[in-house]
Amino acid sequence: MKRSRSVVTIVSAISVLVGSSSRSAAQRTTTLTVFAAASLTEPFTRLGKNFEAAHPGTTIRFNFTGSQQLVLQIQQGAKADVFASADERWMETANDSGLVEGEPVVFARNELVVIVPVANPSGIKRLQDLARAGVKLVIAADVVPVGRYTRQMLDKLSSQPGFGAKYGQQALANVASYEENVKGIVAKVQLGEADAGVVYRSDATGSVASQLTTLEIPEAANVIASYPIAVVRGAASPVLAKAFVELVESATGQESLKKAGFMAVQPAVQPSQ
Amino acid sequence: MKLLRTIAVRTFVGLAVGGLGFLLVLPVVSLLVRTSPGELLTRLGRPEIRQALLLSLETSLLATVLVLLLGLPAAYLMASRQFPGKRIVEVLFDLPMVIPPTVAGLILLLTFGRAGLLGKSLGVWGVSLPFTTAAVVMAQAFMAAPFFLGPVRAGFTTVEHRYREVAATLGAGEFYSFFRVMLPLSLPSVLAGTAMACARALGEFGATITFAGNLPGVTQTMPLAVYVEMQHDLGAAITLSVLLILLSFGLLLALRYGQSRVR
């Protein structure tokens with residue numbers, strides 16, 4: 001008796017499985033896989049919903065992490081249709097290794113800001129305070145684009161009036177941690193563990209904005225990051241991939257990016273080599 | 001029929017063992033064939049690699065000592081006493097083994113961080129743990145503790161009651177009988193727990209980068225250095241990986257020999 005009941009259960013379970021798979025086959029869902037820099041999480045997630053609404057039967061799947069990790073993953077054979085990088089160098093690496101199709105296009109720009117927890121335990125009021133002894137500064141590691149930009153920015157500030165030639169060195173001596181991606185910096189400042197961090201403006205917007213105070217960096221010393229996008233060579237659905245790139249470049253896409261703190265690029269330009 | 005079954009069983013066992021070898025042994029072999037010992041030695045001289053190696057050795061050793069000191073009495077109590085809620089305490093002790101290391105790092109921050117539950121009071125004394133070498137040791141000890149407690153608790157439990165009772169009738173106090181009866185009899189388990197905890201501490205990554213951050217010479221242990229180096233200097237990452245594997249292998253092998261000696 002017991003055995004026959006379990007047989008019935010198994011048979012019905014199988015029929016449910018078979019039934020559901022044949023149903024989804026009839027619907028013919030396609031999956032578009034987008035590899036994008038971690039800083040694009042918010043605007044791309046929103047655009048992904050637009051895209052799914054405009055292309056019924058398409059599911060969009062995102063992989064958000066540091067650009068350098070994404071390139072590594074694609075090099076190692078990860079299946080991706082679209083690649084959006086947070087800096088031109090990693091896109092060049094991808095392009096040089098023949099990983100992308102056609103010319104990459106810059107679709108957004110981002111600038112650096114300094115973030116401080118709202119409680120501001122070390123009383124950081126201006127950029128000069130980052131070089132004060134005892135301040136706990138958290139920035140990204142050298143291999144992460146934002147980490148490289150941060151060093152460039154500190155260098156530039158050192159030659160600005162009111163900062164002093166040793167400013168950059170002193171600020172770097174205050175670094176408590178070189179984070180592996182920009183979201184790690186935001187989290188440590190948000191929790192109040194770090195006194196200050198250097199991130200993209202887009203990382204200081206949205207849900208975390210209320211827990212952070214933002215310090216502006218003068219235009220002359222700021223470093224602007226360019227975000228290129230391209231279709232990946234051998235994409236499973238190249239037509240959809242191209243459609244997604246077009247959506248990012250469209251007025252709707254640019255509006256989403258602006259809302260997330262990026263500087264829009266209209267019309268889209270080719271990256272400088 | 002019987003022959004057929006034997007063949008089937010043997011084929012399955014063969015495939016399973018082969019599959020396991022593929023999964024566990026082949027990656028280690030492929031790492032080792034990628035580096036010549038000469039290359040390895042030259043890279044060992046590089047300051048950033050030596051720094052990470054020394055820091056890893058120092059912190060994982062300290063973490064092991066910490067786990068040993070704090071864990072031995074706890075394991076003994078768990079093995080020799082009954083109290084309400086014991087099951088729950090046991091599960092709590094096992095928890096670090098199954099929670100994602102990043103979660104462990106986050107809860108350590110929320111507890112011992114500057115804005116954390118306990119960290120706030122620590123701050124009054126001028127103590128700030130995150131981003132320090134002490135934080136690395138704490139993260140490692142947190143993750144390694146269950147690997148010590150498990151075997152040691154089991155070891156203590158298997159020491160027969162009779163021995164302790166005999167010791168007691170001979171007038172031995174609990175303290176005396178712990179050191180002269182329990183500990184010597186369960187030495188293989190204590191060794192196993194210590195070696196496992198040390199190996200786990202050596203390999204710790206997620207809790208460390210979350211709680212202690214990543215600063216060369218202060219908190220950048222070997223696993224963190226592997227992760228960062230992998231993105232711009234694969235050679236250095238491979239060297240560090242080889243070192244980590246050799247160290248862990250040596251540690252676990254020494255344990256096997258040590259155990260057979262003690263027995």
# chains A, B, ... in the order shown; residues from 1 in each chain; ligands from 1
>>> interface_residues(of="chain A", to="chain B", cutoff="7 Å", atoms="only C-alpha atoms", output="PDB file with N, CA and C atoms, in the first residue's frame")
ATOM      1  N   GLN A  68      36.928  43.973 -14.184  1.00  0.00           N
ATOM      2  CA  GLN A  68      38.079  43.088 -14.377  1.00  0.00           C
ATOM      3  C   GLN A  68      37.670  41.629 -14.189  1.00  0.00           C
ATOM      4  N   VAL A 143      43.820  47.491  -9.135  1.00  0.00           N
ATOM      5  CA  VAL A 143      43.368  46.782 -10.326  1.00  0.00           C
ATOM      6  C   VAL A 143      41.932  47.138 -10.690  1.00  0.00           C
ATOM      7  N   ALA A 176      42.838  52.403   5.049  1.00  0.00           N
ATOM      8  CA  ALA A 176      42.680  51.276   5.975  1.00  0.00           C
ATOM      9  C   ALA A 176      42.400  49.989   5.221  1.00  0.00           C
ATOM     10  N   SER A 177      41.891  50.114   3.998  1.00  0.00           N
ATOM     11  CA  SER A 177      41.600  48.917   3.219  1.00  0.00           C
ATOM     12  C   SER A 177      41.475  49.247   1.737  1.00  0.00           C
ATOM     13  N   TYR A 178      42.075  48.374   0.906  1.00  0.00           N
ATOM     14  CA  TYR A 178      41.903  48.487  -0.538  1.00  0.00           C
ATOM     15  C   TYR A 178      40.839  47.494  -0.951  1.00  0.00           C
ATOM     16  N   GLU A 179      39.637  47.972  -1.194  1.00  0.00           N
ATOM     17  CA  GLU A 179      38.517  47.072  -1.463  1.00  0.00           C
ATOM     18  C   GLU A 179      38.569  46.548  -2.887  1.00  0.00           C
ATOM     19  N   LEU A 191      28.268  51.620   7.107  1.00  0.00           N
ATOM     20  CA  LEU A 191      28.251  51.028   8.444  1.00  0.00           C
ATOM     21  C   LEU A 191      28.995  51.905   9.457  1.00  0.00           C
ATOM     22  N   GLY A 192      29.666  52.933   8.971  1.00  0.00           N
ATOM     23  CA  GLY A 192      30.395  53.819   9.870  1.00  0.00           C
ATOM     24  C   GLY A 192      31.751  53.280  10.278  1.00  0.00           C
ATOM     25  N   GLU A 193      32.213  52.205   9.633  1.00  0.00           N
ATOM     26  CA  GLU A 193      33.508  51.636   9.991  1.00  0.00           C
ATOM     27  C   GLU A 193      34.647  52.453   9.396  1.00  0.00           C
TER      28      GLU A 193
END
>>> select_by_dssp(residues="region 47-223 of chain A", states="alpha helix (DSSP H)", output="ChimeraX atom specification")
/A:47-54,67-75,88-96,145-158,167-173,182-190
>>> write_last_selection(atoms="C-alpha atoms", output="PDB file, in the first residue's frame")
ATOM      1  CA  LEU A  47      16.256  48.989 -18.048  1.00  0.00           C
ATOM      2  CA  GLY A  48      16.117  45.203 -17.975  1.00  0.00           C
ATOM      3  CA  LYS A  49      12.481  45.358 -16.861  1.00  0.00           C
ATOM      4  CA  ASN A  50      11.694  47.783 -19.727  1.00  0.00           C
ATOM      5  CA  PHE A  51      13.417  45.434 -22.136  1.00  0.00           C
ATOM      6  CA  GLU A  52      11.491  42.377 -20.965  1.00  0.00           C
ATOM      7  CA  ALA A  53       8.230  44.314 -21.310  1.00  0.00           C
ATOM      8  CA  ALA A  54       9.126  45.385 -24.860  1.00  0.00           C
ATOM      9  CA  SER A  67      34.765  44.911 -14.785  1.00  0.00           C
ATOM     10  CA  GLN A  68      38.079  43.088 -14.377  1.00  0.00           C
ATOM     11  CA  GLN A  69      36.236  40.017 -13.034  1.00  0.00           C
ATOM     12  CA  LEU A  70      33.780  40.117 -15.950  1.00  0.00           C
ATOM     13  CA  VAL A  71      36.577  40.124 -18.522  1.00  0.00           C
ATOM     14  CA  LEU A  72      38.223  37.229 -16.699  1.00  0.00           C
ATOM     15  CA  GLN A  73      34.955  35.292 -16.705  1.00  0.00           C
ATOM     16  CA  ILE A  74      34.324  35.873 -20.428  1.00  0.00           C
ATOM     17  CA  GLN A  75      37.924  34.892 -21.185  1.00  0.00           C
ATOM     18  CA  GLU A  88      37.857  51.724 -21.401  1.00  0.00           C
ATOM     19  CA  ARG A  89      40.963  49.766 -20.503  1.00  0.00           C
ATOM     20  CA  TRP A  90      39.072  46.575 -19.669  1.00  0.00           C
ATOM     21  CA  MET A  91      36.934  46.945 -22.788  1.00  0.00           C
ATOM     22  CA  GLU A  92      40.166  47.291 -24.790  1.00  0.00           C
ATOM     23  CA  THR A  93      41.467  44.112 -23.171  1.00  0.00           C
ATOM     24  CA  ALA A  94      38.240  42.358 -24.167  1.00  0.00           C
ATOM     25  CA  ASN A  95      38.459  43.805 -27.674  1.00  0.00           C
ATOM     26  CA  ASP A  96      42.123  42.848 -28.093  1.00  0.00           C
ATOM     27  CA  PRO A 145      39.186  51.032 -12.371  1.00  0.00           C
ATOM     28  CA  VAL A 146      37.792  53.247  -9.619  1.00  0.00           C
ATOM     29  CA  GLY A 147      40.914  52.563  -7.545  1.00  0.00           C
ATOM     30  CA  ARG A 148      43.158  53.745 -10.358  1.00  0.00           C
ATOM     31  CA  TYR A 149      41.023  56.870 -10.867  1.00  0.00           C
ATOM     32  CA  THR A 150      41.180  57.596  -7.148  1.00  0.00           C
ATOM     33  CA  ARG A 151      44.980  57.663  -7.213  1.00  0.00           C
ATOM     34  CA  GLN A 152      44.924  59.924 -10.280  1.00  0.00           C
ATOM     35  CA  MET A 153      42.490  62.244  -8.523  1.00  0.00           C
ATOM     36  CA  LEU A 154      44.636  62.421  -5.358  1.00  0.00           C
ATOM     37  CA  ASP A 155      47.675  63.191  -7.519  1.00  0.00           C
ATOM     38  CA  LYS A 156      45.837  65.991  -9.286  1.00  0.00           C
ATOM     39  CA  LEU A 157      44.625  67.454  -5.988  1.00  0.00           C
ATOM     40  CA  SER A 158      48.219  67.552  -4.717  1.00  0.00           C
ATOM     41  CA  TYR A 167      48.471  65.643   0.041  1.00  0.00           C
ATOM     42  CA  GLY A 168      48.145  62.518  -2.089  1.00  0.00           C
ATOM     43  CA  GLN A 169      50.828  60.649  -0.152  1.00  0.00           C
ATOM     44  CA  GLN A 170      49.309  61.552   3.201  1.00  0.00           C
ATOM     45  CA  ALA A 171      45.838  60.501   2.076  1.00  0.00           C
ATOM     46  CA  LEU A 172      47.171  57.158   0.814  1.00  0.00           C
ATOM     47  CA  ALA A 173      48.916  56.620   4.148  1.00  0.00           C
ATOM     48  CA  VAL A 182      33.184  49.770  -5.215  1.00  0.00           C
ATOM     49  CA  LYS A 183      30.183  48.369  -3.341  1.00  0.00           C
ATOM     50  CA  GLY A 184      32.534  47.150  -0.604  1.00  0.00           C
ATOM     51  CA  ILE A 185      33.621  50.768  -0.047  1.00  0.00           C
ATOM     52  CA  VAL A 186      30.022  51.981   0.164  1.00  0.00           C
ATOM     53  CA  ALA A 187      29.160  49.255   2.704  1.00  0.00           C
ATOM     54  CA  LYS A 188      32.087  50.071   4.999  1.00  0.00           C
ATOM     55  CA  VAL A 189      31.322  53.804   4.971  1.00  0.00           C
ATOM     56  CA  GLN A 190      27.587  53.186   5.355  1.00  0.00           C
TER      57      GLN A 190
END
>>> residues_around(residues="region 146-162 of chain B", least_positions_apart="6", cutoff="8 Å", atoms="only C-alpha atoms", output="PDB file with C-alpha atoms, in the first residue's frame")
ATOM      1  CA  VAL B  67      40.560  28.496  19.387  1.00  0.00           C
ATOM      2  CA  LEU B  68      42.519  25.980  21.478  1.00  0.00           C
ATOM      3  CA  GLY B  71      37.588  25.767  22.781  1.00  0.00           C
ATOM      4  CA  LEU B  72      39.102  23.156  25.078  1.00  0.00           C
ATOM      5  CA  ALA B  74      33.879  24.456  26.084  1.00  0.00           C
ATOM      6  CA  ALA B  75      34.354  21.096  24.365  1.00  0.00           C
ATOM      7  CA  TYR B  76      34.904  19.426  27.752  1.00  0.00           C
ATOM      8  CA  MET B  78      29.712  20.002  26.219  1.00  0.00           C
ATOM      9  CA  ALA B  79      30.945  16.423  26.450  1.00  0.00           C
ATOM     10  CA  SER B  80      30.581  15.957  30.203  1.00  0.00           C
ATOM     11  CA  PHE B  93      28.810  26.274  17.812  1.00  0.00           C
ATOM     12  CA  ASP B  94      28.430  24.491  14.470  1.00  0.00           C
ATOM     13  CA  LEU B  95      26.933  27.479  12.669  1.00  0.00           C
ATOM     14  CA  PRO B  96      30.149  29.124  11.370  1.00  0.00           C
ATOM     15  CA  MET B  97      30.790  25.941   9.406  1.00  0.00           C
ATOM     16  CA  MET B 182      40.750  12.914  29.621  1.00  0.00           C
ATOM     17  CA  LEU B 183      43.309  14.909  27.681  1.00  0.00           C
ATOM     18  CA  LEU B 185      43.131   9.658  26.141  1.00  0.00           C
ATOM     19  CA  SER B 186      41.609  12.029  23.610  1.00  0.00           C
ATOM     20  CA  PRO B 188      44.335  12.184  18.743  1.00  0.00           C
ATOM     21  CA  SER B 189      41.032  14.084  18.558  1.00  0.00           C
ATOM     22  CA  VAL B 190      42.571  17.231  20.028  1.00  0.00           C
ATOM     23  CA  ALA B 192      42.866  16.509  14.658  1.00  0.00           C
ATOM     24  CA  GLY B 193      40.777  19.463  15.795  1.00  0.00           C
ATOM     25  CA  THR B 194      43.812  21.709  16.117  1.00  0.00           C
ATOM     26  CA  MET B 196      41.769  21.235  11.014  1.00  0.00           C
ATOM     27  CA  ALA B 197      41.201  24.592  12.709  1.00  0.00           C
ATOM     28  CA  ARG B 200      40.679  26.417   7.976  1.00  0.00           C
TER      29      ARG B 200
END
>>> atom_distance(atom1="CA of Val242 (chain B)", atom2="CA of Gln76 (chain A)")
20.5 Å
>>> residues_around(residues="region 200-210 of chain A", least_positions_apart="2", cutoff="6 Å", atoms="only C-alpha atoms", output="list in words")
Glu111, Leu112, Val113, Leu212, Ala260, Gly261 and Phe262 of chain A
>>> residues_around(residues="Ala199 (chain B)", least_positions_apart="4", cutoff="8 Å", atoms="only C-alpha atoms", output="PyMOL selection string")
chain B and resi 60+195+203+248+251-252
